[in-house]
file entry-v7.txt (compact mmCIF, C-alpha atoms)
# COMPACT_ATOMS: atom_id res chain seq x y z
CA MET A 1 0.00 0.00 0.00
CA GLU A 2 2.86 2.36 0.72
CA SER A 3 4.32 1.85 -2.75
CA ASN A 4 1.02 2.92 -4.33
CA LYS A 5 1.03 6.12 -2.29
CA VAL A 6 4.37 7.08 -3.77
CA HIS A 7 2.85 7.18 -7.26
CA GLU A 8 -0.46 8.76 -6.39
CA ALA A 9 0.49 11.50 -3.93
CA PRO A 10 3.35 13.38 -5.56
CA GLY A 11 3.36 16.37 -7.61
CA SER A 12 0.08 17.43 -9.14
CA ASP A 13 -0.44 21.15 -9.78
CA ASN A 14 -3.12 21.35 -7.09
CA ASP A 15 -0.63 20.34 -4.36
CA ILE A 16 2.10 22.89 -5.00
CA GLY A 17 -0.04 25.87 -4.05
CA CYS A 18 -0.25 29.40 -5.39
CA CYS A 19 3.41 30.22 -4.82
CA GLY A 20 4.45 27.08 -6.63
CA CYS A 21 2.35 28.01 -9.66
CA ILE A 22 3.91 31.49 -9.71
CA LEU A 23 7.43 30.05 -9.58
CA ILE A 24 6.65 27.61 -12.37
CA GLY A 25 5.28 30.44 -14.49
CA LEU A 26 8.40 32.55 -13.91
CA SER A 27 10.59 29.58 -14.81
CA TYR A 28 8.76 29.16 -18.14
CA ILE A 29 9.21 32.89 -18.82
CA LEU A 30 12.97 32.60 -18.18
CA VAL A 31 13.21 29.64 -20.54
CA VAL A 32 11.48 31.64 -23.28
CA LEU A 33 13.51 34.81 -22.70
CA PHE A 34 16.87 33.05 -22.85
CA PHE A 35 15.95 30.73 -25.70
CA PRO A 36 17.91 28.95 -27.22
CA PHE A 37 20.60 29.18 -24.52
CA SER A 38 18.14 27.88 -21.94
CA LEU A 39 18.00 24.53 -23.77
CA CYS A 40 21.35 23.63 -22.21
CA MET A 41 19.69 23.79 -18.78
CA THR A 42 16.30 22.31 -19.60
CA ILE A 43 16.94 19.34 -21.91
CA LYS A 44 18.43 16.18 -20.39
CA ILE A 45 19.11 12.74 -21.88
CA VAL A 46 19.19 9.31 -20.26
CA THR A 47 20.36 6.10 -21.91
CA GLU A 48 18.32 3.01 -22.70
CA TYR A 49 19.11 1.26 -19.41
CA GLU A 50 18.49 4.33 -17.21
CA ARG A 51 15.45 6.21 -15.93
CA ALA A 52 15.17 9.68 -14.41
CA VAL A 53 13.00 10.44 -11.38
CA ILE A 54 12.14 14.17 -11.52
CA PHE A 55 11.36 16.25 -8.43
CA ARG A 56 9.57 19.57 -8.94
CA LEU A 57 9.56 21.77 -5.86
CA GLY A 58 10.44 18.69 -3.84
CA ARG A 59 7.62 16.53 -5.21
CA VAL A 60 7.85 13.65 -7.66
CA LEU A 61 6.27 14.50 -10.98
CA PRO A 62 3.22 12.40 -11.87
CA GLY A 63 3.62 9.81 -14.57
CA GLY A 64 6.56 7.97 -13.07
CA ALA A 65 10.18 8.01 -14.14
CA LYS A 66 11.19 9.52 -17.47
CA GLY A 67 13.23 7.87 -20.17
CA PRO A 68 14.88 6.50 -22.07
CA GLY A 69 15.79 9.37 -24.35
CA MET A 70 15.29 13.11 -23.95
CA PHE A 71 13.14 14.88 -21.35
CA PHE A 72 12.49 18.46 -20.24
CA ILE A 73 13.09 20.05 -16.81
CA LEU A 74 12.56 23.55 -15.45
CA PRO A 75 15.68 25.38 -14.30
CA CYS A 76 16.01 26.17 -10.58
CA LEU A 77 12.80 24.24 -9.78
CA ASP A 78 13.41 20.68 -10.97
CA ASP A 79 15.89 18.14 -9.72
CA PHE A 80 16.28 14.61 -11.01
CA LYS A 81 18.05 11.40 -10.05
CA LYS A 82 19.22 8.77 -12.52
CA VAL A 83 18.49 5.13 -11.75
CA ASP A 84 20.27 2.22 -13.45
CA LEU A 85 17.90 -0.62 -14.35
CA ARG A 86 20.57 -3.19 -15.24
CA THR A 87 21.09 -6.31 -13.17
CA VAL A 88 23.75 -5.77 -10.51
CA SER A 89 25.81 -8.56 -8.95
CA TYR A 90 27.72 -8.22 -5.71
CA ASP A 91 29.37 -10.49 -3.19
CA VAL A 92 28.10 -10.95 0.32
CA PRO A 93 31.17 -10.83 2.62
CA PRO A 94 32.03 -14.13 4.39
CA GLN A 95 29.80 -14.58 7.42
CA GLU A 96 30.84 -16.53 10.52
CA ILE A 97 27.76 -18.64 11.20
CA LEU A 98 26.93 -21.09 14.00
CA THR A 99 24.83 -23.87 12.51
CA LYS A 100 21.99 -25.66 14.24
CA ASP A 101 24.32 -28.48 15.35
CA SER A 102 26.83 -25.97 16.86
CA VAL A 103 29.43 -26.00 14.07
CA THR A 104 31.11 -22.70 13.16
CA VAL A 105 31.44 -22.18 9.39
CA ALA A 106 32.29 -19.24 7.14
CA VAL A 107 29.87 -18.82 4.23
CA ASP A 108 29.77 -16.25 1.43
CA ALA A 109 27.27 -15.76 -1.36
CA VAL A 110 26.58 -13.72 -4.50
CA ILE A 111 23.37 -11.78 -5.13
CA TYR A 112 21.89 -10.73 -8.51
CA SER A 113 19.31 -7.94 -8.32
CA ARG A 114 17.80 -5.17 -10.42
CA ILE A 115 15.53 -2.15 -9.95
CA PHE A 116 12.07 -2.62 -11.43
CA ASP A 117 10.52 0.62 -10.08
CA PRO A 118 12.84 3.65 -10.12
CA THR A 119 10.45 5.88 -8.17
CA MET A 120 10.14 3.43 -5.28
CA SER A 121 13.90 2.87 -5.16
CA VAL A 122 14.49 6.63 -4.80
CA CYS A 123 11.61 7.61 -2.51
CA ASN A 124 11.25 4.59 -0.21
CA VAL A 125 14.87 3.97 0.75
CA GLU A 126 17.92 6.21 1.07
CA ASN A 127 20.41 3.89 -0.66
CA ALA A 128 18.74 0.92 -2.29
CA ASP A 129 21.95 -0.87 -3.27
CA HIS A 130 23.61 -0.54 0.14
CA SER A 131 20.42 -1.54 1.96
CA THR A 132 20.08 -4.64 -0.18
CA ARG A 133 23.66 -5.66 0.60
CA LEU A 134 23.11 -5.33 4.35
CA LEU A 135 19.82 -7.20 4.17
CA ALA A 136 21.45 -10.01 2.15
CA ALA A 137 24.20 -10.47 4.76
CA THR A 138 21.65 -10.55 7.60
CA THR A 139 19.37 -12.96 5.74
CA LEU A 140 22.30 -15.26 5.02
CA ARG A 141 23.11 -15.49 8.72
CA ASN A 142 19.48 -16.02 9.74
CA VAL A 143 18.73 -18.73 7.17
CA LEU A 144 21.92 -20.73 7.65
CA GLY A 145 21.60 -20.53 11.43
CA THR A 146 18.56 -22.83 11.19
CA LYS A 147 20.36 -25.52 9.14
CA ASN A 148 22.58 -28.41 10.14
CA MET A 149 26.04 -28.71 8.67
CA SER A 150 25.03 -31.69 6.53
CA GLU A 151 22.08 -29.71 5.11
CA LEU A 152 24.35 -26.74 4.48
CA LEU A 153 26.72 -28.88 2.39
CA SER A 154 24.13 -30.93 0.50
CA GLU A 155 21.15 -28.56 0.05
CA ARG A 156 22.71 -25.39 -1.34
CA ASP A 157 20.04 -25.00 -4.02
CA VAL A 158 17.22 -25.20 -1.46
CA ILE A 159 18.93 -22.67 0.81
CA ALA A 160 19.60 -20.30 -2.11
CA SER A 161 15.97 -20.52 -3.23
CA SER A 162 14.75 -19.78 0.30
CA MET A 163 17.07 -16.78 0.58
CA GLN A 164 15.92 -15.44 -2.79
CA GLN A 165 12.28 -15.63 -1.75
CA ILE A 166 12.91 -13.86 1.57
CA LEU A 167 15.04 -11.13 -0.03
CA ASP A 168 12.57 -10.60 -2.88
CA GLU A 169 9.68 -10.09 -0.46
CA SER A 170 11.72 -7.75 1.75
CA THR A 171 13.05 -5.58 -1.08
CA ASP A 172 9.78 -5.34 -3.01
CA PRO A 173 8.77 -2.04 -1.25
CA TRP A 174 12.13 -0.64 -2.36
CA GLY A 175 11.43 -1.38 -6.02
CA ILE A 176 14.17 -4.04 -6.19
CA LYS A 177 13.81 -7.52 -7.67
CA VAL A 178 16.24 -10.17 -6.38
CA GLU A 179 16.69 -12.45 -9.38
CA ARG A 180 19.13 -15.02 -8.06
CA VAL A 181 21.11 -16.04 -4.99
CA GLU A 182 24.07 -18.42 -5.07
CA ILE A 183 26.05 -19.89 -2.18
CA LYS A 184 29.67 -19.53 -3.29
CA ASP A 185 31.81 -21.22 -0.65
CA VAL A 186 31.46 -22.98 2.69
CA ARG A 187 34.70 -22.96 4.68
CA LEU A 188 34.91 -25.44 7.54
CA PRO A 189 37.38 -25.34 10.46
CA VAL A 190 40.67 -27.17 9.82
CA GLN A 191 40.09 -29.68 12.61
CA LEU A 192 36.65 -30.51 11.27
CA GLN A 193 38.06 -30.94 7.76
CA ARG A 194 40.62 -33.43 9.08
CA ALA A 195 37.97 -35.35 10.99
CA MET A 196 35.70 -35.52 7.94
CA ALA A 197 38.62 -36.60 5.73
CA ALA A 198 39.56 -39.38 8.19
CA GLU A 199 35.95 -40.53 8.33
CA ALA A 200 35.65 -40.59 4.53
CA GLU A 201 38.97 -42.46 4.20
CA ALA A 202 37.90 -45.08 6.74
CA SER A 203 34.60 -45.53 4.91
CA ARG A 204 36.40 -45.98 1.57
CA GLU A 205 38.81 -48.52 3.06
CA ALA A 206 35.91 -50.47 4.54
CA ARG A 207 34.13 -50.59 1.18
CA ALA A 208 37.37 -51.63 -0.56
CA LYS A 209 37.85 -54.53 1.88
CA VAL A 210 34.28 -55.66 1.32
CA VAL A 211 34.73 -55.57 -2.46
CA ALA A 212 38.04 -57.48 -2.22
CA ALA A 213 36.48 -60.13 0.02
CA GLU A 214 33.57 -60.58 -2.39
CA GLY A 215 36.04 -60.92 -5.28
CA GLU A 216 38.06 -63.59 -3.45
CA GLN A 217 34.85 -65.43 -2.65
CA HIS A 218 33.78 -65.49 -6.30
CA ALA A 219 37.30 -66.51 -7.40
CA SER A 220 37.44 -69.38 -4.92
CA ARG A 221 34.08 -70.66 -6.14
CA ALA A 222 35.29 -70.54 -9.75
CA LEU A 223 38.53 -72.36 -8.83
CA LYS A 224 36.59 -75.04 -6.99
CA GLU A 225 34.31 -75.58 -9.98
CA ALA A 226 37.34 -75.77 -12.31
CA ALA A 227 39.12 -78.24 -10.01
CA ASP A 228 36.03 -80.45 -9.88
CA ILE A 229 35.83 -80.51 -13.67
CA MET A 230 39.55 -81.29 -14.10
CA ALA A 231 39.39 -84.06 -11.48
CA GLN A 232 36.91 -85.90 -13.68
CA SER A 233 39.41 -85.94 -16.62
CA PRO A 234 43.16 -86.52 -15.89
CA ALA A 235 44.03 -85.51 -19.47
CA ALA A 236 42.63 -82.02 -18.81
CA ILE A 237 45.17 -81.56 -16.03
CA GLN A 238 48.03 -82.45 -18.37
CA LEU A 239 46.73 -80.07 -21.04
CA ARG A 240 46.51 -77.30 -18.48
CA TYR A 241 50.06 -78.13 -17.37
CA LEU A 242 51.36 -77.86 -20.95
CA GLN A 243 49.45 -74.61 -21.50
CA THR A 244 51.08 -73.13 -18.40
CA LEU A 245 54.55 -74.12 -19.67
CA ASN A 246 53.76 -72.49 -23.02
CA SER A 247 52.74 -69.23 -21.40
CA ILE A 248 55.92 -69.22 -19.27
CA ALA A 249 58.14 -69.85 -22.30
CA ALA A 250 56.47 -66.99 -24.21
CA GLU A 251 57.84 -64.50 -21.68
CA ARG A 252 61.50 -65.39 -22.62
CA ASN A 253 62.54 -66.41 -19.14
CA SER A 254 66.05 -67.79 -18.71
CA THR A 255 64.99 -70.31 -16.07
CA ILE A 256 61.88 -72.48 -16.17
CA ILE A 257 60.92 -74.78 -13.32
CA PHE A 258 59.14 -77.97 -14.42
CA PRO A 259 56.88 -79.30 -11.71
CA LEU A 260 56.55 -83.10 -11.85
CA PRO A 261 53.31 -84.78 -10.89
CA MET A 262 53.58 -87.14 -7.93
CA ASP A 263 52.00 -89.93 -9.97
CA LEU A 264 55.14 -90.19 -12.15
CA LEU A 265 57.41 -90.40 -9.10
CA ARG A 266 55.34 -93.16 -7.58
CA GLY A 267 56.06 -95.36 -10.61
CA PHE A 268 59.83 -94.97 -10.15
CA MET A 269 59.58 -95.57 -6.44
CA LYS A 270 57.88 -98.91 -6.99
call {"tool": "encode", "arguments": {"input": "entry-v7.txt", "output": "structure tokens"}}
result
Amino acid sequence: MESNKVHEAPGSDNDIGCCGCILIGLSYILVVLFFPFSLCMTIKIVTEYERAVIFRLGRVLPGGAKGPGMFFILPCLDDFKKVDLRTVSYDVPPQEILTKDSVTVAVDAVIYSRIFDPTMSVCNVENADHSTRLLAATTLRNVLGTKNMSELLSERDVIASSMQQILDESTDPWGIKVERVEIKDVRLPVQLQRAMAAEAEASREARAKVVAAEGEQHASRALKEAADIMAQSPAAIQLRYLQTLNSIAAERNSTIIFPLPMDLLRGFMK
């Protein structure tokens, strides 16, 4: 409701009074008398991405901000402020935050915002950009203070979306639209980093041992099945023996050990 009052209340001719009308009339007379030199004081230009909020006798002119292009002001009576409508990005300084599970972390973020109503951004807040920066830092601390460390590390998108919604609602009376919020970095204490690294390493080693044990189990089953098959055919054992000798000889070894089956030795012993 306050934002609507900004557009409705300012600057109609009925509000400036009799003295204001006289001053405006004198200003027009001066512009005509010193024409065309007065054009240097009365004609202003703003670029495509800017708007000009004009104040006449301290009141905002009706019709909203002017621009882009050329507009006309009265000398000595009018004042104007340029407002940039482009999207602005700025970093939120690192904030020391105590999470819900009592872990101290340093978090910084980046905010993307733009001005969608130049009149509101000039009339409703002294410095819209600076106020948005302070509000972003405070909101970052408040939102992250309600999260656990695990949620802070794994749910960055959810936290950023929540911050964007809160900031957008808070800055709407200022004529500012918060387009995007991103959590840049989460810095943990050194001791906590070491503890988490040790925990992750122990977990990886445990999984590696489980995988190795499962592999040995499968290999032993395959060897048992192969041994059972070879036991049914003595010739298969000899063929496997010759195949092993062939693979050893292919590697160009200078020394080859020939294992002798015990069955051959038993014949000589008899």
call {"tool": "atom_distance", "arguments": {"input": "entry-v7.txt", "atom1": "CA of Pro75 in chain A", "atom2": "CA of Trp174 in chain A"}}
result
28.8 Å
call {"tool": "residues_near_point", "arguments": {"input": "entry-v7.txt", "point": "(23.6, -7.0, 2.2)", "cutoff": "12 Å", "atoms": "all atoms listed in the file", "output": "compact mmCIF listing (two decimals) with C-alpha atoms, in the frame of the given file"}}
result
# COMPACT_ATOMS: atom_id res chain seq x y z
CA SER A 89 25.81 -8.56 -8.95
CA TYR A 90 27.72 -8.22 -5.71
CA ASP A 91 29.37 -10.49 -3.19
CA VAL A 92 28.10 -10.95 0.32
CA PRO A 93 31.17 -10.83 2.62
CA PRO A 94 32.03 -14.13 4.39
CA GLN A 95 29.80 -14.58 7.42
CA ASP A 108 29.77 -16.25 1.43
CA ALA A 109 27.27 -15.76 -1.36
CA VAL A 110 26.58 -13.72 -4.50
CA ILE A 111 23.37 -11.78 -5.13
CA TYR A 112 21.89 -10.73 -8.51
CA SER A 113 19.31 -7.94 -8.32
CA ASN A 127 20.41 3.89 -0.66
CA ALA A 128 18.74 0.92 -2.29
CA ASP A 129 21.95 -0.87 -3.27
CA HIS A 130 23.61 -0.54 0.14
CA SER A 131 20.42 -1.54 1.96
CA THR A 132 20.08 -4.64 -0.18
CA ARG A 133 23.66 -5.66 0.60
CA LEU A 134 23.11 -5.33 4.35
CA LEU A 135 19.82 -7.20 4.17
CA ALA A 136 21.45 -10.01 2.15
CA ALA A 137 24.20 -10.47 4.76
CA THR A 138 21.65 -10.55 7.60
CA THR A 139 19.37 -12.96 5.74
CA LEU A 140 22.30 -15.26 5.02
CA ARG A 141 23.11 -15.49 8.72
CA MET A 163 17.07 -16.78 0.58
CA LEU A 167 15.04 -11.13 -0.03
CA SER A 170 11.72 -7.75 1.75
CA THR A 171 13.05 -5.58 -1.08
CA VAL A 178 16.24 -10.17 -6.38
CA VAL A 181 21.11 -16.04 -4.99
call {"tool": "atom_distance", "arguments": {"input": "entry-v7.txt", "atom1": "CA of Gly63 in chain A", "atom2": "CA of Cys19 in chain A"}}
result
22.6 Å
call {"tool": "residues_around", "arguments": {"input": "entry-v7.txt", "residues": "Val143 in chain A", "least_positions_apart": "4", "cutoff": "10 Å", "atoms": "all atoms listed in the file", "output": "number ranges by chain"}}
result
A: 97, 99, 138-139, 147, 159-160, 162-163, 166
call {"tool": "atom_distance", "arguments": {"input": "entry-v7.txt", "atom1": "CA of Glu151 in chain A", "atom2": "CA of Asp168 in chain A"}}
result
22.8 Å
call {"tool": "residues_around", "arguments": {"input": "entry-v7.txt", "residues": "Thr47 in chain A", "least_positions_apart": "4", "cutoff": "12 Å", "atoms": "all atoms listed in the file", "output": "PyMOL selection string"}}
result
chain A and resi 51-52+66-71+82-86
call {"tool": "write_last_selection", "arguments": {"input": "entry-v7.txt", "atoms": "C-alpha atoms", "output": "compact mmCIF listing (two decimals), in the frame of the given file"}}
result
# COMPACT_ATOMS: atom_id res chain seq x y z
CA ARG A 51 15.45 6.21 -15.93
CA ALA A 52 15.17 9.68 -14.41
CA LYS A 66 11.19 9.52 -17.47
CA GLY A 67 13.23 7.87 -20.17
CA PRO A 68 14.88 6.50 -22.07
CA GLY A 69 15.79 9.37 -24.35
CA MET A 70 15.29 13.11 -23.95
CA PHE A 71 13.14 14.88 -21.35
CA LYS A 82 19.22 8.77 -12.52
CA VAL A 83 18.49 5.13 -11.75
CA ASP A 84 20.27 2.22 -13.45
CA LEU A 85 17.90 -0.62 -14.35
CA ARG A 86 20.57 -3.19 -15.24
call {"tool": "closest_residue", "arguments": {"input": "entry-v7.txt", "among": "A:Thr119, A:Ser203, A:Asn142, A:Gln165", "to": "Glu96 in chain A", "atoms": "only C-alpha atoms"}}
result
A:Asn142
call {"tool": "axis_aligned_box", "arguments": {"input": "entry-v7.txt", "around": "range 86-98 of chain A", "padding_each_side": "4 Å", "output": "JSON"}}
result
{"center_x": 26.3, "center_y": -12.1, "center_z": -0.6, "size_x": 19.5, "size_y": 25.9, "size_z": 37.2}
call {"tool": "residues_near_point", "arguments": {"input": "entry-v7.txt", "point": "(14.2, 26.2, -17.6)", "cutoff": "6 Å", "atoms": "all atoms listed in the file", "output": "PyMOL selection string"}}
result
chain A and resi 27+31+42+74-75
call {"tool": "residues_around", "arguments": {"input": "entry-v7.txt", "residues": "Pro118 in chain A", "least_positions_apart": "3", "cutoff": "7 Å", "atoms": "all atoms listed in the file", "output": "PDB file with C-alpha atoms, keeping the file's coordinate frame"}}
result
ATOM      1  CA  ARG A  51      15.450   6.210 -15.930  1.00  0.00           C
ATOM      2  CA  VAL A  53      13.000  10.440 -11.380  1.00  0.00           C
ATOM      3  CA  ALA A  65      10.180   8.010 -14.140  1.00  0.00           C
ATOM      4  CA  VAL A  83      18.490   5.130 -11.750  1.00  0.00           C
ATOM      5  CA  ILE A 115      15.530  -2.150  -9.950  1.00  0.00           C
ATOM      6  CA  SER A 121      13.900   2.870  -5.160  1.00  0.00           C
ATOM      7  CA  VAL A 122      14.490   6.630  -4.800  1.00  0.00           C
ATOM      8  CA  GLY A 175      11.430  -1.380  -6.020  1.00  0.00           C
TER       9      GLY A 175
END
call {"tool": "closest_residue", "arguments": {"input": "entry-v7.txt", "among": "A:Leu239, A:Cys123, A:Ile22, A:Val88", "to": "Arg180 in chain A", "atoms": "only C-alpha atoms"}}
result
A:Val88
call {"tool": "decode", "arguments": {"input": "entry-v7.txt", "residues": "range 166-194 of chain A", "atoms": "N, CA and C atoms", "output": "compact mmCIF listing (two decimals), in the first residue's frame"}}
result
# COMPACT_ATOMS: atom_id res chain seq x y z
N ILE A 166 12.96 -14.79 0.44
CA ILE A 166 12.91 -13.86 1.57
C ILE A 166 13.39 -12.47 1.15
N LEU A 167 14.51 -12.42 0.41
CA LEU A 167 15.04 -11.13 -0.03
C LEU A 167 14.09 -10.43 -1.00
N ASP A 168 13.47 -11.19 -1.89
CA ASP A 168 12.57 -10.60 -2.88
C ASP A 168 11.36 -9.97 -2.19
N GLU A 169 10.82 -10.65 -1.19
CA GLU A 169 9.68 -10.09 -0.46
C GLU A 169 10.08 -8.85 0.35
N SER A 170 11.29 -8.88 0.91
CA SER A 170 11.72 -7.75 1.75
C SER A 170 12.07 -6.52 0.93
N THR A 171 12.63 -6.71 -0.26
CA THR A 171 13.05 -5.58 -1.08
C THR A 171 11.98 -5.10 -2.05
N ASP A 172 10.84 -5.75 -2.09
CA ASP A 172 9.78 -5.34 -3.01
C ASP A 172 9.31 -3.91 -2.74
N PRO A 173 9.14 -3.46 -1.47
CA PRO A 173 8.77 -2.04 -1.25
C PRO A 173 9.83 -1.06 -1.70
N TRP A 174 11.05 -1.53 -1.90
CA TRP A 174 12.13 -0.64 -2.36
C TRP A 174 12.24 -0.60 -3.88
N GLY A 175 11.37 -1.34 -4.57
CA GLY A 175 11.43 -1.38 -6.02
C GLY A 175 12.56 -2.22 -6.57
N ILE A 176 13.04 -3.20 -5.79
CA ILE A 176 14.17 -4.04 -6.19
C ILE A 176 13.70 -5.48 -6.33
N LYS A 177 14.11 -6.12 -7.40
CA LYS A 177 13.81 -7.52 -7.67
C LYS A 177 15.09 -8.34 -7.51
N VAL A 178 15.11 -9.26 -6.56
CA VAL A 178 16.24 -10.17 -6.38
C VAL A 178 16.04 -11.35 -7.32
N GLU A 179 16.88 -11.43 -8.35
CA GLU A 179 16.69 -12.45 -9.38
C GLU A 179 17.31 -13.79 -9.02
N ARG A 180 18.44 -13.75 -8.32
CA ARG A 180 19.13 -15.02 -8.06
C ARG A 180 20.05 -14.87 -6.86
N VAL A 181 20.18 -15.96 -6.12
CA VAL A 181 21.11 -16.04 -4.99
C VAL A 181 21.89 -17.34 -5.12
N GLU A 182 23.20 -17.25 -4.97
CA GLU A 182 24.07 -18.42 -5.07
C GLU A 182 25.00 -18.47 -3.87
N ILE A 183 25.09 -19.66 -3.26
CA ILE A 183 26.05 -19.89 -2.18
C ILE A 183 27.40 -20.20 -2.83
N LYS A 184 28.38 -19.36 -2.61
CA LYS A 184 29.67 -19.53 -3.29
C LYS A 184 30.56 -20.56 -2.61
N ASP A 185 30.82 -20.38 -1.32
CA ASP A 185 31.81 -21.22 -0.65
C ASP A 185 31.40 -21.42 0.80
N VAL A 186 31.68 -22.64 1.29
CA VAL A 186 31.46 -22.98 2.69
C VAL A 186 32.80 -23.45 3.24
N ARG A 187 33.39 -22.65 4.12
CA ARG A 187 34.70 -22.96 4.68
C ARG A 187 34.53 -23.52 6.09
N LEU A 188 35.02 -24.76 6.26
CA LEU A 188 34.91 -25.44 7.54
C LEU A 188 36.20 -25.24 8.34
N PRO A 189 36.15 -25.38 9.66
CA PRO A 189 37.38 -25.34 10.46
C PRO A 189 38.34 -26.45 10.06
N VAL A 190 39.64 -26.20 10.25
CA VAL A 190 40.67 -27.17 9.82
C VAL A 190 40.51 -28.49 10.56
N GLN A 191 40.25 -28.45 11.85
CA GLN A 191 40.09 -29.68 12.61
C GLN A 191 38.90 -30.49 12.11
N LEU A 192 37.81 -29.80 11.79
CA LEU A 192 36.65 -30.51 11.27
C LEU A 192 36.93 -31.10 9.89
N GLN A 193 37.68 -30.39 9.06
CA GLN A 193 38.06 -30.94 7.76
C GLN A 193 38.87 -32.22 7.91
N ARG A 194 39.81 -32.23 8.85
CA ARG A 194 40.62 -33.43 9.08
C ARG A 194 39.75 -34.58 9.57
